[in-house]
Amino acid sequence: MASFRNKSMVLCLWLATSFGLVYESVLAELQRFEHPTKGDGTLSFLVVGDWGRQGDYNQSAVARQMGIVGEKLDVDFLVSTGDNFYDDGLTGEHDPAFVDSFVNIYKARSLQKQWYSVLGNHDYRGDVEAQLSPSLRKIDSRWICLRSFIVNAEIAELFFVDTTPFVKEYFYEPKNHEYDWRGVTPPKTYTRNVLKDLQSALRESTAKWKIVVGHHAIRSVGHHGDTKELVERLLPILRANNVDFYVNGHDHCLEHISDDKSPIQFLTSGAGSKAWRGDLKEMKGDGLKYFYDGQGFMSVKLTQTHLEIAFYDVLGTVVHKWTMSKQLHSSI
């Protein structure tokens with residue numbers, strides 16, 4: 001049975017639709033963070049998602065391998081694709097899960113870099129404002145989590161998008177879950193603002209590489225499959241603005257799919273802890289380049305003209321590698 005909060009949200013949405021009422025939400029302004037590259041002009045970072053389980057389901061094992069790879073690549077920062085704390089986000093700014101699932105897990109020296117994180121649907125089931133609070137940085141200065149924002153890393157710009165409010169199911173069919181919708185209602189207005197700000201930022205970007213990060217997949221053959229709201233509303237903006245790849249979590253796997261109408265690559269890194277073995281949907285067309293249904297993470301290495309991504313399993317073995325040249329737009 002839906003909670004009182006969810007019932008109230010549905011009622012407000014119905015009233016707005018039926019009587020033409022307009023509830024203006026907080027504008028999705030994209031805050032910018034400047035992150036300089038190394039002296040040699042290269043950039044490298046790790047991507048992990050769907051991890052916060054107090055070390056269980058191989059989260060600690062994945063973290064150890066991230067530390068090893070992070071040291072080898074001398075990573076500049078880390079990206080989290082959401083669902084940072086299971087099962088229901090954080091209960092408040094002093095929830096011990098923040099320390100137990102983040103601070104005490106990612107302890108390797110190479111991982112003591114900035115973590116840029118987006119929210120996932122499980123994070124929205126808790127106290128969202130707590131997870132976004134600057135107070136968490138007093139506990140661990142690595143933590144930066146906002147709804148939508150930009151990281152300017154000189155040769156690349158990363159555009160982080162808050163995708164959960166796009167998914168209508170969470171509003172209208174929440175099952176027995178409660179969601180913290182403060183600051184994102186009405187969702188139509190909120191998501192329109194997010195897309196408007198993203199489109200403007202992408203158009204103005206002069207970065208060699210444009211990377212968009214969200215929690216939900218645009219394309220996936222994993223458990224959840226494609227997110228139709230993102231296919232309809234976000235994908236056209238990415239195609240129109242020369243985005244190189246879209247990175248997400250949500251499906252607990254490692255996955256690489258090529259777009260059939262643009263050079264965009266869809267990269268899923270949602271295997272930071274619990275994985276879904278054998279949960280694979282059939283994909284139409286030949287865009288699927290790789291799928292792995294175990295735990296792991298992803299690395300990204302960039303120069304002005306060259307990109308290399310790699311997927312690692314829980315033992316640190318490279319299970320998939322892909323490269324691209326800006327001049328040739330070729331891959332191997």
# chains A, B, ... in the order shown; residues from 1 in each chain; ligands from 1
$ residues_around --residues "segment 208-218 of chain A" --least-positions-apart "3" --cutoff "7 Å" --atoms "only C-alpha atoms" --output "list in words"
Thr81, Gly82, Val118, Leu119, Gly120, Ile155, Ala156, Glu157, Leu158, Phe159, Phe160, Val161, Asp162, Thr163, Asp226, Thr227, Leu230, Val231, Val243, Asp244, Phe245, Tyr246, Val247, Asn248, Gly249, His250 and Gln304 of chain A
$ residues_around --residues "Gly225 of chain A" --least-positions-apart "6" --cutoff "8 Å" --atoms "only C-alpha atoms" --output "list in words"
Ala217, Arg219, Asp251 and Lys281 of chain A
$ write_last_selection --atoms "all heavy atoms" --output "mmCIF file, in the first residue's frame"
data_model
loop_
_atom_site.group_PDB
_atom_site.id
_atom_site.type_symbol
_atom_site.label_atom_id
_atom_site.label_comp_id
_atom_site.auth_asym_id
_atom_site.auth_seq_id
_atom_site.Cartn_x
_atom_site.Cartn_y
_atom_site.Cartn_z
ATOM 1 N N ALA A 217 19.656 3.487 -16.931
ATOM 2 C CA ALA A 217 20.159 3.206 -18.280
ATOM 3 C C ALA A 217 19.257 3.828 -19.342
ATOM 4 O O ALA A 217 18.034 3.878 -19.185
ATOM 5 C CB ALA A 217 20.241 1.699 -18.505
ATOM 6 N N ARG A 219 19.994 2.604 -22.624
ATOM 7 C CA ARG A 219 19.938 1.305 -23.289
ATOM 8 C C ARG A 219 20.538 0.251 -22.367
ATOM 9 O O ARG A 219 21.601 0.459 -21.797
ATOM 10 C CB ARG A 219 20.720 1.322 -24.599
ATOM 11 C CG ARG A 219 20.185 2.282 -25.656
ATOM 12 C CD ARG A 219 18.822 1.855 -26.177
ATOM 13 N NE ARG A 219 18.415 2.636 -27.334
ATOM 14 C CZ ARG A 219 17.173 2.671 -27.809
ATOM 15 N NH1 ARG A 219 16.225 1.977 -27.204
ATOM 16 N NH2 ARG A 219 16.878 3.394 -28.859
ATOM 17 N N ASP A 251 21.184 -1.246 -13.456
ATOM 18 C CA ASP A 251 21.327 -2.680 -13.681
ATOM 19 C C ASP A 251 22.654 -3.123 -13.081
ATOM 20 O O ASP A 251 23.700 -2.503 -13.325
ATOM 21 C CB ASP A 251 21.262 -3.010 -15.171
ATOM 22 C CG ASP A 251 19.834 -3.176 -15.661
ATOM 23 O OD1 ASP A 251 18.973 -3.540 -14.841
ATOM 24 O OD2 ASP A 251 19.577 -2.953 -16.858
ATOM 25 N N LYS A 281 18.263 -9.749 -20.977
ATOM 26 C CA LYS A 281 17.191 -9.621 -21.950
ATOM 27 C C LYS A 281 17.754 -9.708 -23.367
ATOM 28 O O LYS A 281 18.904 -9.362 -23.619
ATOM 29 C CB LYS A 281 16.460 -8.286 -21.781
ATOM 30 C CG LYS A 281 15.631 -8.167 -20.518
ATOM 31 C CD LYS A 281 14.950 -6.813 -20.472
ATOM 32 C CE LYS A 281 13.908 -6.741 -19.353
ATOM 33 N NZ LYS A 281 14.519 -6.861 -18.021
#
$ residues_around --residues "Phe297 of chain A" --least-positions-apart "2" --cutoff "10 Å" --atoms "only C-alpha atoms" --output "short mmCIF file (atom, residue, chain, number, x, y, z; two decimals) with C-alpha atoms, in the first residue's frame"
data_model
loop_
_atom_site.label_atom_id
_atom_site.label_comp_id
_atom_site.auth_asym_id
_atom_site.auth_seq_id
_atom_site.Cartn_x
_atom_site.Cartn_y
_atom_site.Cartn_z
CA LEU A 46 37.03 4.89 -12.09
CA VAL A 47 33.28 4.35 -12.26
CA VAL A 48 31.30 2.19 -9.84
CA GLY A 49 27.61 2.00 -9.04
CA VAL A 62 35.47 -4.86 -5.56
CA ALA A 63 36.83 -1.97 -3.48
CA GLN A 65 40.55 -4.19 -6.80
CA MET A 66 39.54 -0.58 -7.37
CA CYS A 253 26.13 -5.58 -14.31
CA LEU A 254 28.87 -4.33 -16.63
CA THR A 268 26.70 0.45 -17.52
CA SER A 269 28.77 0.18 -14.35
CA GLY A 270 26.32 -0.91 -11.68
CA ALA A 271 28.16 -3.94 -10.32
CA GLY A 272 29.67 -2.51 -7.16
CA SER A 273 28.11 -5.13 -4.89
CA GLY A 294 29.00 -10.31 -12.06
CA GLN A 295 30.50 -7.72 -9.72
CA SER A 299 38.02 2.61 -15.73
CA ALA A 310 37.98 -1.17 -19.41
CA PHE A 311 35.72 -3.37 -17.33
CA TYR A 312 37.18 -5.30 -14.38
CA ASP A 313 35.66 -8.22 -12.51
CA VAL A 314 35.82 -8.87 -8.77
CA GLY A 316 40.64 -7.35 -11.00
CA VAL A 318 40.07 -7.02 -17.42
#
$ atom_distance --atom1 "atom CA of Ala240 of chain A" --atom2 "atom CA of Leu307 of chain A"
20.8 Å
$ select_by_dssp --residues "segment 61-254 of chain A" --states "alpha helix (DSSP H)" --output "PyMOL selection string"
chain A and resi 61-73+97-98+128-132+136-139+168-172+187-204+228-233+235-240
$ closest_residue --among "A:Asn121, A:Val69, A:Val128, A:Asp95" --to "Arg109 of chain A" --atoms "only C-alpha atoms"
A:Val69
$ residues_around --residues "Gly278 of chain A" --least-positions-apart "4" --cutoff "10 Å" --atoms "only C-alpha atoms" --output "list in words"
Gly222, His223, Tyr292, Asp293 and Gly294 of chain A
$ write_last_selection --atoms "all heavy atoms" --output "mmCIF file, in the first residue's frame"
data_model
loop_
_atom_site.group_PDB
_atom_site.id
_atom_site.type_symbol
_atom_site.label_atom_id
_atom_site.label_comp_id
_atom_site.auth_asym_id
_atom_site.auth_seq_id
_atom_site.Cartn_x
_atom_site.Cartn_y
_atom_site.Cartn_z
ATOM 1 N N GLY A 222 20.029 -5.627 -19.379
ATOM 2 C CA GLY A 222 19.987 -6.165 -18.033
ATOM 3 C C GLY A 222 18.577 -6.216 -17.478
ATOM 4 O O GLY A 222 17.584 -6.074 -18.204
ATOM 5 N N HIS A 223 18.476 -6.395 -16.171
ATOM 6 C CA HIS A 223 17.203 -6.629 -15.488
ATOM 7 C C HIS A 223 16.151 -5.567 -15.797
ATOM 8 O O HIS A 223 15.001 -5.885 -16.115
ATOM 9 C CB HIS A 223 17.464 -6.682 -13.978
ATOM 10 C CG HIS A 223 16.234 -6.846 -13.150
ATOM 11 N ND1 HIS A 223 15.630 -8.076 -12.951
ATOM 12 C CD2 HIS A 223 15.477 -5.938 -12.470
ATOM 13 C CE1 HIS A 223 14.557 -7.912 -12.191
ATOM 14 N NE2 HIS A 223 14.440 -6.642 -11.877
ATOM 15 N N TYR A 292 28.333 -8.446 -18.793
ATOM 16 C CA TYR A 292 28.888 -9.296 -17.740
ATOM 17 C C TYR A 292 27.991 -9.194 -16.517
ATOM 18 O O TYR A 292 27.730 -8.093 -16.018
ATOM 19 C CB TYR A 292 30.308 -8.857 -17.390
ATOM 20 C CG TYR A 292 30.919 -9.631 -16.245
ATOM 21 C CD1 TYR A 292 31.218 -10.986 -16.379
ATOM 22 C CD2 TYR A 292 31.187 -9.007 -15.023
ATOM 23 C CE1 TYR A 292 31.776 -11.705 -15.333
ATOM 24 C CE2 TYR A 292 31.754 -9.719 -13.972
ATOM 25 C CZ TYR A 292 32.039 -11.068 -14.131
ATOM 26 O OH TYR A 292 32.594 -11.771 -13.093
ATOM 27 N N ASP A 293 27.522 -10.344 -16.016
ATOM 28 C CA ASP A 293 26.534 -10.354 -14.942
ATOM 29 C C ASP A 293 27.143 -10.646 -13.570
ATOM 30 O O ASP A 293 26.497 -11.240 -12.710
ATOM 31 C CB ASP A 293 25.434 -11.373 -15.256
ATOM 32 C CG ASP A 293 25.984 -12.779 -15.497
ATOM 33 O OD1 ASP A 293 27.221 -12.951 -15.475
ATOM 34 O OD2 ASP A 293 25.176 -13.704 -15.713
ATOM 35 N N GLY A 294 28.370 -10.171 -13.361
ATOM 36 C CA GLY A 294 29.003 -10.309 -12.058
ATOM 37 C C GLY A 294 29.435 -8.958 -11.516
ATOM 38 O O GLY A 294 29.218 -7.920 -12.143
#
$ closest_residue --among "A:Ser60, A:Thr206, A:Gln199, A:Ser117" --to "Pro236 of chain A" --atoms "only C-alpha atoms"
A:Gln199
